[in-house]
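**Student:** Input structure: target_10.cif, which contains mmCIF, C-alpha atoms.
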data_data
loop_
_atom_site.label_atom_id
_atom_site.label_comp_id
_atom_site.auth_asym_id
_atom_site.auth_seq_id
_atom_site.Cartn_x
_atom_site.Cartn_y
_atom_site.Cartn_z
CA MET A 1 -202.99 59.80 -17.58
CA GLU A 2 -203.49 60.22 -21.31
CA LYS A 3 -204.35 63.75 -22.35
CA ILE A 4 -207.72 64.01 -24.08
CA THR A 5 -207.33 65.93 -27.31
CA SER A 6 -209.93 67.09 -29.76
CA PRO A 7 -209.93 68.47 -33.33
CA TYR A 8 -212.48 71.07 -32.23
CA LYS A 9 -212.12 74.37 -30.41
CA TRP A 10 -215.52 75.98 -30.55
CA GLY A 11 -215.76 79.72 -30.69
CA MET A 12 -218.00 82.54 -31.76
CA VAL A 13 -217.64 85.90 -33.47
CA ILE A 14 -220.18 88.64 -32.78
CA ASP A 15 -220.19 91.58 -35.18
CA LEU A 16 -221.49 94.53 -33.17
CA ASP A 17 -221.71 96.65 -36.32
CA ARG A 18 -224.35 94.22 -37.55
CA CYS A 19 -226.26 93.78 -34.28
CA THR A 20 -229.53 95.68 -34.21
CA GLY A 21 -230.46 94.64 -30.69
CA CYS A 22 -233.64 92.93 -31.87
CA GLY A 23 -233.45 90.25 -29.18
CA ALA A 24 -234.22 87.27 -31.44
CA CYS A 25 -231.15 85.47 -30.08
CA VAL A 26 -232.37 85.87 -26.51
CA VAL A 27 -235.74 84.31 -27.35
CA ALA A 28 -234.18 81.53 -29.41
CA CYS A 29 -231.83 80.65 -26.56
CA GLN A 30 -234.65 80.58 -24.04
CA ALA A 31 -236.74 78.30 -26.23
CA GLU A 32 -233.93 75.95 -27.26
CA ASN A 33 -232.41 75.36 -23.87
CA ASN A 34 -235.37 74.89 -21.52
CA VAL A 35 -234.41 78.11 -19.76
CA ALA A 36 -237.08 78.92 -17.21
CA ILE A 37 -239.38 81.85 -17.79
CA CYS A 38 -239.42 83.85 -14.59
CA ALA A 39 -242.29 85.57 -12.83
CA LYS A 40 -242.31 89.30 -12.10
CA LYS A 41 -241.44 88.68 -8.46
CA GLU A 42 -238.26 86.80 -9.35
CA ILE A 43 -237.20 89.44 -11.85
CA ASN A 44 -237.69 92.16 -9.24
CA GLU A 45 -235.38 90.20 -6.97
CA GLY A 46 -232.76 90.14 -9.71
CA ARG A 47 -233.17 86.39 -10.11
CA ASN A 48 -234.10 86.37 -13.78
CA MET A 49 -232.89 83.46 -15.90
CA HIS A 50 -231.04 84.29 -19.11
CA TRP A 51 -228.16 82.51 -20.79
CA LEU A 52 -227.80 85.33 -23.27
CA ARG A 53 -228.63 88.95 -22.64
CA ILE A 54 -228.29 92.13 -24.67
CA GLU A 55 -226.60 95.03 -22.91
CA ARG A 56 -227.74 98.41 -24.15
CA PHE A 57 -225.61 101.57 -24.09
CA TRP A 58 -226.46 105.11 -25.06
CA VAL A 59 -223.67 107.00 -26.82
CA GLY A 60 -223.46 110.64 -27.85
CA GLU A 61 -225.04 113.83 -26.56
CA TYR A 62 -228.63 114.89 -27.07
CA PRO A 63 -229.94 115.30 -29.75
CA ASP A 64 -227.35 113.04 -31.37
CA VAL A 65 -227.92 109.95 -29.22
CA ARG A 66 -227.55 106.39 -30.47
CA GLY A 67 -228.22 103.00 -28.97
CA ARG A 68 -225.39 100.48 -28.89
CA PHE A 69 -226.00 96.82 -28.27
CA LEU A 70 -223.76 94.16 -26.83
CA PRO A 71 -224.97 90.54 -26.72
CA VAL A 72 -223.30 88.85 -23.76
CA LEU A 73 -223.25 85.10 -23.40
CA CYS A 74 -220.84 82.71 -21.71
CA GLN A 75 -217.44 83.57 -23.15
CA HIS A 76 -216.19 79.98 -22.79
CA CYS A 77 -212.89 81.31 -21.44
CA HIS A 78 -209.79 79.20 -21.87
CA ASP A 79 -208.67 80.37 -18.44
CA ALA A 80 -212.11 80.52 -16.89
CA PRO A 81 -212.41 82.11 -13.44
CA CYS A 82 -215.49 79.95 -12.72
CA GLU A 83 -213.67 76.64 -13.01
CA PRO A 84 -211.05 76.58 -10.23
CA VAL A 85 -213.51 77.81 -7.59
CA CYS A 86 -215.97 74.95 -7.93
CA PRO A 87 -215.48 72.65 -4.92
CA VAL A 88 -217.02 69.64 -6.69
CA TYR A 89 -215.66 70.08 -10.25
CA ALA A 90 -219.14 70.65 -11.68
CA SER A 91 -217.72 73.57 -13.62
CA TYR A 92 -215.00 72.18 -15.81
CA HIS A 93 -213.24 72.55 -19.15
CA ASN A 94 -214.23 70.20 -21.91
CA PRO A 95 -211.74 68.85 -24.49
CA ASP A 96 -213.50 70.92 -27.20
CA GLY A 97 -212.59 74.13 -25.37
CA LEU A 98 -216.05 74.57 -23.92
CA ASN A 99 -216.67 75.65 -20.39
CA GLY A 100 -218.97 72.95 -19.04
CA GLN A 101 -221.44 72.77 -16.23
CA VAL A 102 -222.53 69.34 -14.99
CA TYR A 103 -225.91 70.06 -13.44
CA ASN A 104 -226.22 66.79 -11.58
CA ARG A 105 -222.82 67.35 -10.01
CA CYS A 106 -223.60 70.93 -8.97
CA VAL A 107 -224.32 71.47 -5.28
CA GLY A 108 -225.20 75.14 -5.63
CA THR A 109 -222.41 77.02 -3.86
CA ARG A 110 -222.69 79.79 -6.50
CA TYR A 111 -218.94 80.44 -6.27
CA CYS A 112 -218.66 80.12 -10.05
CA GLY A 113 -221.36 82.70 -10.73
CA ASN A 114 -219.81 85.12 -8.29
CA ASN A 115 -216.38 84.69 -9.79
CA CYS A 116 -217.53 85.23 -13.37
CA PRO A 117 -216.58 88.71 -14.57
CA TYR A 118 -219.21 88.57 -17.32
CA ALA A 119 -222.09 87.61 -15.00
CA VAL A 120 -223.43 85.03 -17.42
CA ARG A 121 -224.07 82.19 -15.02
CA VAL A 122 -227.57 82.05 -13.60
CA PHE A 123 -228.77 80.23 -10.54
CA ASN A 124 -232.07 78.40 -10.08
CA PHE A 125 -233.30 80.09 -6.94
CA TYR A 126 -236.70 78.52 -7.40
CA ASP A 127 -238.23 75.30 -8.54
CA HIS A 128 -239.38 76.18 -12.00
CA GLU A 129 -242.01 73.51 -12.48
CA HIS A 130 -244.52 76.35 -12.88
CA ALA A 131 -242.40 78.10 -15.51
CA TRP A 132 -244.03 75.96 -18.16
CA PRO A 133 -247.71 75.76 -17.32
CA LYS A 134 -249.62 73.25 -19.46
CA PRO A 135 -249.49 73.04 -22.45
CA LEU A 136 -246.17 74.97 -22.52
CA ASP A 137 -244.37 71.95 -21.04
CA ASN A 138 -244.74 70.35 -24.46
CA GLN A 139 -242.11 72.72 -25.79
CA LEU A 140 -239.43 71.40 -23.44
CA SER A 141 -236.54 69.87 -25.33
CA PRO A 142 -235.99 66.21 -24.43
CA ASP A 143 -232.35 66.48 -25.49
CA ILE A 144 -231.25 68.41 -22.44
CA THR A 145 -231.86 68.31 -18.73
CA VAL A 146 -234.57 70.41 -17.12
CA ARG A 147 -232.59 71.98 -14.30
CA SER A 148 -233.90 71.78 -10.78
CA ARG A 149 -233.72 74.22 -7.90
CA GLY A 150 -230.31 74.89 -6.42
CA VAL A 151 -228.34 74.37 -9.61
CA MET A 152 -226.20 76.83 -11.53
CA GLU A 153 -226.73 76.89 -15.28
CA LYS A 154 -225.24 78.67 -18.28
CA CYS A 155 -224.81 78.89 -22.03
CA THR A 156 -223.47 75.65 -23.52
CA PHE A 157 -223.11 76.78 -27.15
CA CYS A 158 -226.10 74.43 -27.58
CA ILE A 159 -224.10 71.33 -26.69
CA GLN A 160 -227.04 69.13 -27.68
CA ARG A 161 -226.68 70.35 -31.28
CA ILE A 162 -222.92 69.85 -31.19
CA ARG A 163 -223.45 66.31 -29.89
CA ARG A 164 -225.95 65.54 -32.64
CA ALA A 165 -223.63 66.92 -35.35
CA LYS A 166 -220.72 64.94 -33.90
CA GLU A 167 -222.73 61.76 -33.96
CA GLU A 168 -223.81 62.34 -37.54
CA ALA A 169 -220.25 63.14 -38.61
CA LYS A 170 -218.88 60.10 -36.79
CA GLY A 171 -221.40 57.89 -38.56
CA GLU A 172 -220.06 59.12 -41.88
CA GLY A 173 -216.44 58.93 -40.72
CA ARG A 174 -215.59 62.59 -41.10
CA LEU A 175 -215.22 65.75 -39.02
CA ILE A 176 -218.01 68.28 -38.57
CA ARG A 177 -218.10 70.64 -41.56
CA ASP A 178 -217.94 74.38 -41.14
CA GLY A 179 -221.45 75.78 -40.70
CA GLU A 180 -222.98 72.36 -40.07
CA VAL A 181 -223.64 73.13 -36.43
CA GLN A 182 -224.93 76.41 -35.07
CA PRO A 183 -226.29 77.36 -31.70
CA ALA A 184 -229.87 78.64 -31.67
CA CYS A 185 -228.79 82.27 -31.24
CA ALA A 186 -226.55 82.27 -34.31
CA GLN A 187 -229.10 80.40 -36.37
CA THR A 188 -231.83 82.89 -35.61
CA CYS A 189 -229.84 86.13 -35.96
CA PRO A 190 -231.47 88.01 -38.89
CA SER A 191 -228.38 90.09 -39.62
CA GLU A 192 -225.93 87.21 -39.18
CA ALA A 193 -224.10 89.12 -36.49
CA LEU A 194 -223.33 85.89 -34.65
CA VAL A 195 -221.07 83.38 -36.36
CA PHE A 196 -220.19 80.09 -34.70
CA GLY A 197 -217.44 77.75 -35.74
CA ASN A 198 -214.36 75.69 -35.08
CA MET A 199 -211.47 77.99 -34.18
CA ALA A 200 -208.99 75.12 -34.54
CA ASP A 201 -209.72 75.13 -38.27
CA PRO A 202 -208.09 78.29 -39.64
CA ALA A 203 -210.31 78.18 -42.74
CA SER A 204 -213.63 78.21 -40.86
CA ARG A 205 -215.74 81.32 -41.25
CA ALA A 206 -215.56 82.13 -37.55
CA ALA A 207 -211.77 81.76 -37.44
CA ARG A 208 -211.37 84.00 -40.49
CA LEU A 209 -213.63 86.67 -38.98
CA ALA A 210 -211.76 86.43 -35.68
CA ARG A 211 -208.60 87.58 -37.48
CA SER A 212 -210.30 90.84 -38.47
CA PRO A 213 -208.55 94.01 -37.28
CA ARG A 214 -211.89 95.04 -35.79
CA ARG A 215 -211.75 92.26 -33.22
CA PHE A 216 -211.61 92.59 -29.47
CA ARG A 217 -212.62 90.45 -26.54
CA LEU A 218 -214.60 91.41 -23.47
CA LEU A 219 -212.50 92.45 -20.46
CA GLU A 220 -209.45 91.15 -22.25
CA HIS A 221 -207.09 92.60 -19.65
CA LEU A 222 -208.33 90.05 -17.09
CA GLY A 223 -206.50 87.31 -18.97
CA THR A 224 -209.48 84.97 -19.19
CA HIS A 225 -208.84 84.25 -22.89
CA PRO A 226 -212.46 84.05 -24.03
CA SER A 227 -213.56 81.99 -27.05
CA VAL A 228 -215.98 84.73 -28.06
CA TYR A 229 -214.64 87.52 -30.25
CA TYR A 230 -216.42 90.80 -30.86
CA LEU A 231 -216.01 92.95 -33.96
CA LYS A 232 -216.53 96.66 -33.85
CA GLY A 233 -215.30 99.84 -35.47
CA GLY A 234 -213.48 99.93 -38.76
CA GLY A 235 -214.46 103.57 -39.22
CA ARG A 236 -218.16 102.82 -38.91
CA GLU A 237 -218.68 103.93 -35.31
CA HIS A 238 -220.78 106.88 -36.42
CA VAL A 239 -223.34 104.76 -38.26
CA MET B 1 -214.97 58.58 36.74
CA LYS B 2 -215.95 55.10 35.56
CA LYS B 3 -219.17 56.42 33.96
CA THR B 4 -217.52 59.03 31.73
CA TRP B 5 -215.19 56.32 30.48
CA LEU B 6 -218.20 54.17 29.55
CA VAL B 7 -219.92 57.05 27.73
CA GLY B 8 -216.76 57.65 25.73
CA VAL B 9 -216.64 54.03 24.60
CA LEU B 10 -220.31 54.13 23.68
CA VAL B 11 -219.83 57.25 21.55
CA VAL B 12 -216.88 55.68 19.76
CA ILE B 13 -218.90 52.52 19.06
CA MET B 14 -221.82 54.55 17.76
CA ILE B 15 -219.61 56.55 15.42
CA GLY B 16 -218.08 53.30 14.23
CA VAL B 17 -221.48 51.75 13.49
CA VAL B 18 -222.65 54.82 11.57
CA ALA B 19 -219.41 54.94 9.56
CA ALA B 20 -219.65 51.23 8.75
CA GLY B 21 -223.27 51.72 7.64
CA LEU B 22 -222.35 54.59 5.37
CA ALA B 23 -219.41 52.64 3.92
CA LEU B 24 -221.73 49.71 3.22
CA VAL B 25 -224.21 51.92 1.36
CA TYR B 26 -221.35 53.48 -0.58
CA PHE B 27 -219.51 50.34 -1.62
CA LEU B 28 -222.30 47.81 -2.11
CA PRO B 29 -223.73 47.91 -5.65
CA LEU B 30 -227.18 48.60 -4.26
CA ASP B 31 -229.68 48.51 -7.08
CA LEU B 32 -233.16 48.86 -5.70
CA ARG B 33 -234.87 49.83 -8.95
CA GLU B 34 -237.44 47.44 -10.41
CA ARG B 35 -235.69 44.97 -12.72
CA SER B 36 -238.65 43.19 -14.25
CA PRO B 37 -241.84 45.23 -14.04
CA LEU B 38 -245.25 43.63 -14.70
CA GLN B 39 -246.58 44.60 -18.13
CA PRO B 40 -250.19 45.38 -19.09
CA ILE B 41 -250.04 42.65 -21.75
CA ASP B 42 -248.25 39.39 -21.23
CA PHE B 43 -245.83 40.00 -24.08
CA SER B 44 -243.13 37.38 -24.42
CA HIS B 45 -239.74 38.15 -26.01
CA LYS B 46 -238.95 34.46 -25.86
CA LEU B 47 -241.93 33.66 -28.08
CA HIS B 48 -241.34 36.52 -30.54
CA ALA B 49 -237.56 37.00 -30.70
CA GLY B 50 -236.64 33.45 -29.65
CA THR B 51 -239.06 30.82 -30.97
CA ASN B 52 -240.27 32.86 -33.93
CA ALA B 53 -236.89 34.57 -34.50
CA ILE B 54 -238.28 38.02 -35.25
CA PRO B 55 -235.22 40.32 -35.39
CA CYS B 56 -234.90 42.85 -32.57
CA LEU B 57 -234.69 45.67 -35.08
CA PHE B 58 -237.99 44.69 -36.68
CA CYS B 59 -239.72 46.01 -33.57
CA HIS B 60 -237.10 48.32 -32.03
CA ARG B 61 -236.43 49.82 -35.40
CA SER B 62 -235.12 53.26 -34.47
CA ALA B 63 -232.19 51.80 -32.49
CA THR B 64 -229.83 52.14 -35.46
CA ARG B 65 -230.54 55.78 -36.16
CA SER B 66 -231.82 57.47 -33.02
CA PRO B 67 -231.01 57.79 -29.32
CA VAL B 68 -234.07 55.75 -28.32
CA ALA B 69 -234.62 52.19 -29.48
CA GLY B 70 -238.39 52.69 -29.47
CA ILE B 71 -241.27 50.39 -28.60
CA PRO B 72 -243.49 49.22 -31.51
CA ALA B 73 -246.84 50.92 -31.97
CA VAL B 74 -250.12 49.07 -31.47
CA ALA B 75 -250.56 49.15 -35.24
CA ASP B 76 -247.37 47.08 -35.63
CA CYS B 77 -248.64 44.39 -33.26
CA ARG B 78 -251.99 44.44 -35.05
CA ALA B 79 -250.37 43.98 -38.45
CA CYS B 80 -249.41 40.44 -37.39
CA HIS B 81 -252.07 39.66 -34.85
CA GLN B 82 -254.98 40.39 -37.13
CA PHE B 83 -254.01 36.99 -38.53
CA ILE B 84 -251.91 35.28 -35.83
CA SER B 85 -253.95 33.82 -32.94
CA PRO B 86 -256.56 36.61 -33.03
CA ASP B 87 -258.72 34.78 -30.51
CA ALA B 88 -256.19 34.37 -27.70
CA PRO B 89 -257.27 36.36 -24.61
CA GLU B 90 -254.08 38.47 -24.53
CA ILE B 91 -254.53 39.36 -28.19
CA ARG B 92 -258.14 40.38 -27.49
CA LYS B 93 -256.75 42.72 -24.86
CA LEU B 94 -254.28 44.03 -27.43
CA MET B 95 -257.04 44.67 -29.95
CA GLY B 96 -258.99 46.46 -27.24
CA TYR B 97 -256.25 49.10 -27.16
CA TRP B 98 -256.48 49.40 -30.93
CA ASP B 99 -260.26 49.81 -30.85
CA ARG B 100 -260.09 52.42 -28.08
CA ARG B 101 -257.27 54.17 -29.95
CA GLU B 102 -255.04 54.06 -26.87
CA PRO B 103 -251.32 53.37 -26.65
CA ILE B 104 -250.36 50.38 -24.52
CA PRO B 105 -249.01 51.68 -21.18
CA TRP B 106 -245.83 49.55 -21.15
CA VAL B 107 -243.77 49.91 -17.99
CA ARG B 108 -240.09 50.78 -18.42
CA GLY B 109 -237.52 48.54 -16.82
CA HIS B 110 -234.61 50.40 -18.37
CA ALA B 111 -234.78 54.07 -17.51
CA LEU B 112 -231.96 56.51 -17.03
CA PRO B 113 -232.49 59.76 -15.12
CA ASP B 114 -233.34 62.91 -17.07
CA PHE B 115 -229.79 64.22 -16.75
CA VAL B 116 -228.23 61.35 -18.70
CA TYR B 117 -228.13 61.27 -22.48
CA PHE B 118 -227.81 57.81 -23.95
CA PRO B 119 -227.68 57.37 -27.76
CA HIS B 120 -228.51 53.85 -28.96
CA MET B 121 -227.30 54.46 -32.51
CA MET B 122 -223.72 55.23 -31.45
CA HIS B 123 -223.55 51.90 -29.65
CA ILE B 124 -225.14 49.90 -32.47
CA ARG B 125 -222.73 51.54 -34.92
CA ALA B 126 -219.85 50.51 -32.66
CA LYS B 127 -221.01 46.91 -33.32
CA LEU B 128 -222.13 46.20 -29.77
CA ALA B 129 -224.74 43.44 -29.63
CA CYS B 130 -228.00 44.15 -27.82
CA SER B 131 -227.13 41.35 -25.43
CA THR B 132 -223.98 43.18 -24.20
CA CYS B 133 -226.22 45.52 -22.28
CA HIS B 134 -229.62 43.84 -22.16
CA GLY B 135 -228.67 40.19 -21.65
CA GLU B 136 -230.27 37.34 -23.57
CA VAL B 137 -233.61 39.03 -24.15
CA ALA B 138 -234.56 36.41 -26.72
CA ALA B 139 -234.67 33.84 -23.91
CA MET B 140 -236.71 35.96 -21.50
CA GLU B 141 -240.46 35.61 -21.03
CA ARG B 142 -240.59 39.04 -19.43
CA VAL B 143 -237.70 41.48 -19.92
CA THR B 144 -235.39 41.55 -16.92
CA ARG B 145 -232.77 44.22 -16.63
CA THR B 146 -229.32 42.64 -16.34
CA ALA B 147 -227.13 45.75 -16.11
CA SER B 148 -227.05 48.24 -13.24
CA LEU B 149 -227.15 51.25 -15.66
CA LYS B 150 -224.93 53.12 -13.19
CA MET B 151 -222.30 55.58 -14.25
CA GLY B 152 -219.48 53.17 -13.37
CA TRP B 153 -220.95 50.62 -15.75
CA CYS B 154 -220.96 53.11 -18.64
CA LEU B 155 -217.47 54.41 -17.87
CA GLY B 156 -215.96 50.92 -17.49
CA CYS B 157 -216.91 50.03 -21.03
CA HIS B 158 -216.08 53.47 -22.43
CA ARG B 159 -212.55 53.24 -21.01
CA GLN B 160 -212.17 49.78 -22.48
CA HIS B 161 -213.30 50.91 -25.96
CA LYS B 162 -211.54 54.30 -25.80
CA ALA B 163 -214.91 56.04 -26.16
CA SER B 164 -215.39 59.50 -24.75
CA ILE B 165 -215.49 59.91 -20.95
CA ASP B 166 -215.96 63.66 -20.98
CA CYS B 167 -218.83 64.61 -18.66
CA TRP B 168 -220.63 66.47 -21.42
CA THR B 169 -220.84 63.28 -23.48
CA CYS B 170 -223.53 61.93 -21.21
CA HIS B 171 -224.63 64.85 -19.00
CA ILE B 172 -226.15 67.59 -21.13
#
Before we go any further, please render this structure as structure tokens.
**Tutor:**
Amino acid sequence: MEKITSPYKWGMVIDLDRCTGCGACVVACQAENNVAICAKKEINEGRNMHWLRIERFWVGEYPDVRGRFLPVLCQHCHDAPCEPVCPVYASYHNPDGLNGQVYNRCVGTRYCGNNCPYAVRVFNFYDHEHAWPKPLDNQLSPDITVRSRGVMEKCTFCIQRIRRAKEEAKGEGRLIRDGEVQPACAQTCPSEALVFGNMADPASRAARLARSPRRFRLLEHLGTHPSVYYLKGGGREHV
Amino acid sequence: MKKTWLVGVLVVIMIGVVAAGLALVYFLPLDLRERSPLQPIDFSHKLHAGTNAIPCLFCHRSATRSPVAGIPAVADCRACHQFISPDAPEIRKLMGYWDRREPIPWVRGHALPDFVYFPHMMHIRAKLACSTCHGEVAAMERVTRTASLKMGWCLGCHRQHKASIDCWTCHI
């Protein structure tokens, strides 16, 4: 069997010193990816659908309290705990270093979601045909599947945009340029806290930022080798 | 004693029949989808693309640059048929759609499920002729689907051309 290789290893850098917790990325993700909007009942049951969430922490003692924000999305781990537990190989690793989910292959065991230490996989407990009451269904993107009940779903780094950029680049006989493709969250971030790029290209903006001494990765000690790097500190913790 | 033996044989036969049935469904290339649906207007590819040699891309013009090949708008039909046989009954029907400002409700014979992404332009760029996948449309009165459009059909050709077979190429 020939090994499939790729000139791309997609990754992201999230600068927590820039993040203001505004939530624009969460909204952009929801709109771009046909993520269902859940009713109050479902949210109360803890069955909300989000591919990207912002964790909020309070630091310091009263009256010197500050909010800290941590956007958490699929970390696209290189040693992903969700992949080996899928009995039908719906959760798999793509040649571009992405952690994939094939919705039509998924049978809904939810093993992957339960094995994910970042809790970023969400399950369609309900049929969401009412999530987009008319005329909201007009906003559904035709480029990606509308997931049905009983299927696990997750952040894809906006694979539909990566596909489109790849096709354009292939048509011109070149590789994707740095900054040419961005997921919706990075595109919408007003403070440019999220930077997306090709980690296999050492000159890309994301790869350069990922070499910063401020970098760390979430739950690094688990050995999941995430593709998402966070930046924090550098003497600015008090700001 | 004799009866239990008989019941055992019956059970084995039943299991065998069910297994054979399942194997048949699995291995036969069952394709029950409509291959040549009836269209609201008796539009003939043979007449347009064959006899009158109108290029495919004149009508399906987005095939070279977009995922969908596209079906021509009523205005495109009208551009010719204002002058070409405007009194034929089928053309009257066509003009009726124009006058009522309605799109023609063509019925799709080639339709992939929602979870499959198929880009026409990548295949046209790879110099595949329309007939590789659609058959000799220029000789068809009514379009008849010639390919199964199953996953094995896509993968067979992708392997042959060393195109991508990663799941996320087609399932996004």
**Student:** To one decimal place, how far is CA of Gly150 in chain A from CA of Gly100 in chain A in Å?
**Tutor:**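 Separating CA of Gly150 in chain A from CA of Gly100 in chain A is a distance of 17.1 Å.
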**Student:** Could you list, as a ChimeraX atom specification, every residue of chain B that has an atom within 12 Å of an atom of chain A, counting all atoms listed in the file?
**Tutor:** /B:64-68,112-126,159,162-172
**Student:** Could you check how far CA of Arg161 in chain A sits from CA of Ala186 in chain A, in Å to one decimal?
**Tutor:**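 Computed distance, CA of Arg161 in chain A to CA of Ala186 in chain A, equals 12.3 Å.
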**Student:** From the list A:Leu231, A:Cys112, A:Leu73, A:Val26, which residue is nearest Val85 in chain A when using all atoms listed in the file?
**Tutor:**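 Smallest distance to Val85 in chain A is found for A:Cys112.
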**Student:** Check which residues satisfy the PyMOL selection byres ((chain B and resi 87-102) around 8) in the file shown, then give them as a PyMOL selection string.
**Tutor:** chain B and resi 41-42+74-75+78+81+85-86+103-104
**Student:** Rounded to one decimal place, report the CA of His45 in chain B-CA of Cys157 in chain B distance in Å.
**Tutor:**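 A separation of 26.2 Å between them.
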**Student:** Neighbours of Cys22 in chain A within 10 Å (all atoms listed in the file; same-chain residues fewer than 3 positions away dropped), as JSON, numbers by chain?
**Tutor:** {"A": [19, 25, 26, 27, 54, 69, 189, 190, 191]}
**Student:** Could you tell me which of A:Arg66, A:His128, A:Pro117, A:Tyr229 comes closest to Arg208 in chain A if we count all atoms listed in the file?
**Tutor:**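 When distances to Arg208 in chain A are compared using all atoms listed in the file, the smallest one comes from A:Tyr229.
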**Student:** Pull out every residue that the PyMOL selection byres ((chain A and resi 7-15) around 7) matches in the shown coordinates and put them as a list in words.
**Tutor:**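 With the shown file as input, the PyMOL selection byres ((chain A and resi 7-15) around 7) matches Ser6, Leu16, Asp17, Arg18, Cys19, Asp96, Gly97, Leu98, Ala193, Leu194, Val195, Phe196, Gly197, Asn198, Met199, Ala200, Ala206, Leu209, Ala210, Ser227, Val228, Tyr229, Tyr230, Leu231 and Lys232 of chain A.
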**Student:** Put those residues in a file: C-alpha atoms, as a PDB file, in the frame of the given file.
**Tutor:**
ATOM      1  CA  SER A   6    -209.930  67.090 -29.760  1.00  0.00           C
ATOM      2  CA  LEU A  16    -221.490  94.530 -33.170  1.00  0.00           C
ATOM      3  CA  ASP A  17    -221.710  96.650 -36.320  1.00  0.00           C
ATOM      4  CA  ARG A  18    -224.350  94.220 -37.550  1.00  0.00           C
ATOM      5  CA  CYS A  19    -226.260  93.780 -34.280  1.00  0.00           C
ATOM      6  CA  ASP A  96    -213.500  70.920 -27.200  1.00  0.00           C
ATOM      7  CA  GLY A  97    -212.590  74.130 -25.370  1.00  0.00           C
ATOM      8  CA  LEU A  98    -216.050  74.570 -23.920  1.00  0.00           C
ATOM      9  CA  ALA A 193    -224.100  89.120 -36.490  1.00  0.00           C
ATOM     10  CA  LEU A 194    -223.330  85.890 -34.650  1.00  0.00           C
ATOM     11  CA  VAL A 195    -221.070  83.380 -36.360  1.00  0.00           C
ATOM     12  CA  PHE A 196    -220.190  80.090 -34.700  1.00  0.00           C
ATOM     13  CA  GLY A 197    -217.440  77.750 -35.740  1.00  0.00           C
ATOM     14  CA  ASN A 198    -214.360  75.690 -35.080  1.00  0.00           C
ATOM     15  CA  MET A 199    -211.470  77.990 -34.180  1.00  0.00           C
ATOM     16  CA  ALA A 200    -208.990  75.120 -34.540  1.00  0.00           C
ATOM     17  CA  ALA A 206    -215.560  82.130 -37.550  1.00  0.00           C
ATOM     18  CA  LEU A 209    -213.630  86.670 -38.980  1.00  0.00           C
ATOM     19  CA  ALA A 210    -211.760  86.430 -35.680  1.00  0.00           C
ATOM     20  CA  SER A 227    -213.560  81.990 -27.050  1.00  0.00           C
ATOM     21  CA  VAL A 228    -215.980  84.730 -28.060  1.00  0.00           C
ATOM     22  CA  TYR A 229    -214.640  87.520 -30.250  1.00  0.00           C
ATOM     23  CA  TYR A 230    -216.420  90.800 -30.860  1.00  0.00           C
ATOM     24  CA  LEU A 231    -216.010  92.950 -33.960  1.00  0.00           C
ATOM     25  CA  LYS A 232    -216.530  96.660 -33.850  1.00  0.00           C
TER      26      LYS A 232
END
**Student:** Given the PyMOL selection byres ((chain B and resi 132-145) around 9) and the file above, list the residues it selects as a short mmCIF file (atom, residue, chain, number, x, y, z; two decimals) with C-alpha atoms, in the coordinates of the input.
**Tutor:**
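Dumped to part36.cif:
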data_model
loop_
_atom_site.label_atom_id
_atom_site.label_comp_id
_atom_site.auth_asym_id
_atom_site.auth_seq_id
_atom_site.Cartn_x
_atom_site.Cartn_y
_atom_site.Cartn_z
CA GLU B 34 -237.44 47.44 -10.41
CA ARG B 35 -235.69 44.97 -12.72
CA SER B 36 -238.65 43.19 -14.25
CA PRO B 37 -241.84 45.23 -14.04
CA LEU B 38 -245.25 43.63 -14.70
CA GLN B 39 -246.58 44.60 -18.13
CA ASP B 42 -248.25 39.39 -21.23
CA PHE B 43 -245.83 40.00 -24.08
CA SER B 44 -243.13 37.38 -24.42
CA HIS B 45 -239.74 38.15 -26.01
CA LYS B 46 -238.95 34.46 -25.86
CA LEU B 47 -241.93 33.66 -28.08
CA HIS B 48 -241.34 36.52 -30.54
CA ALA B 49 -237.56 37.00 -30.70
CA GLY B 50 -236.64 33.45 -29.65
CA THR B 51 -239.06 30.82 -30.97
CA ALA B 53 -236.89 34.57 -34.50
CA CYS B 56 -234.90 42.85 -32.57
CA GLY B 109 -237.52 48.54 -16.82
CA HIS B 110 -234.61 50.40 -18.37
CA LEU B 128 -222.13 46.20 -29.77
CA ALA B 129 -224.74 43.44 -29.63
CA CYS B 130 -228.00 44.15 -27.82
CA SER B 131 -227.13 41.35 -25.43
CA THR B 146 -229.32 42.64 -16.34
CA ALA B 147 -227.13 45.75 -16.11
CA SER B 148 -227.05 48.24 -13.24
CA LEU B 149 -227.15 51.25 -15.66
#
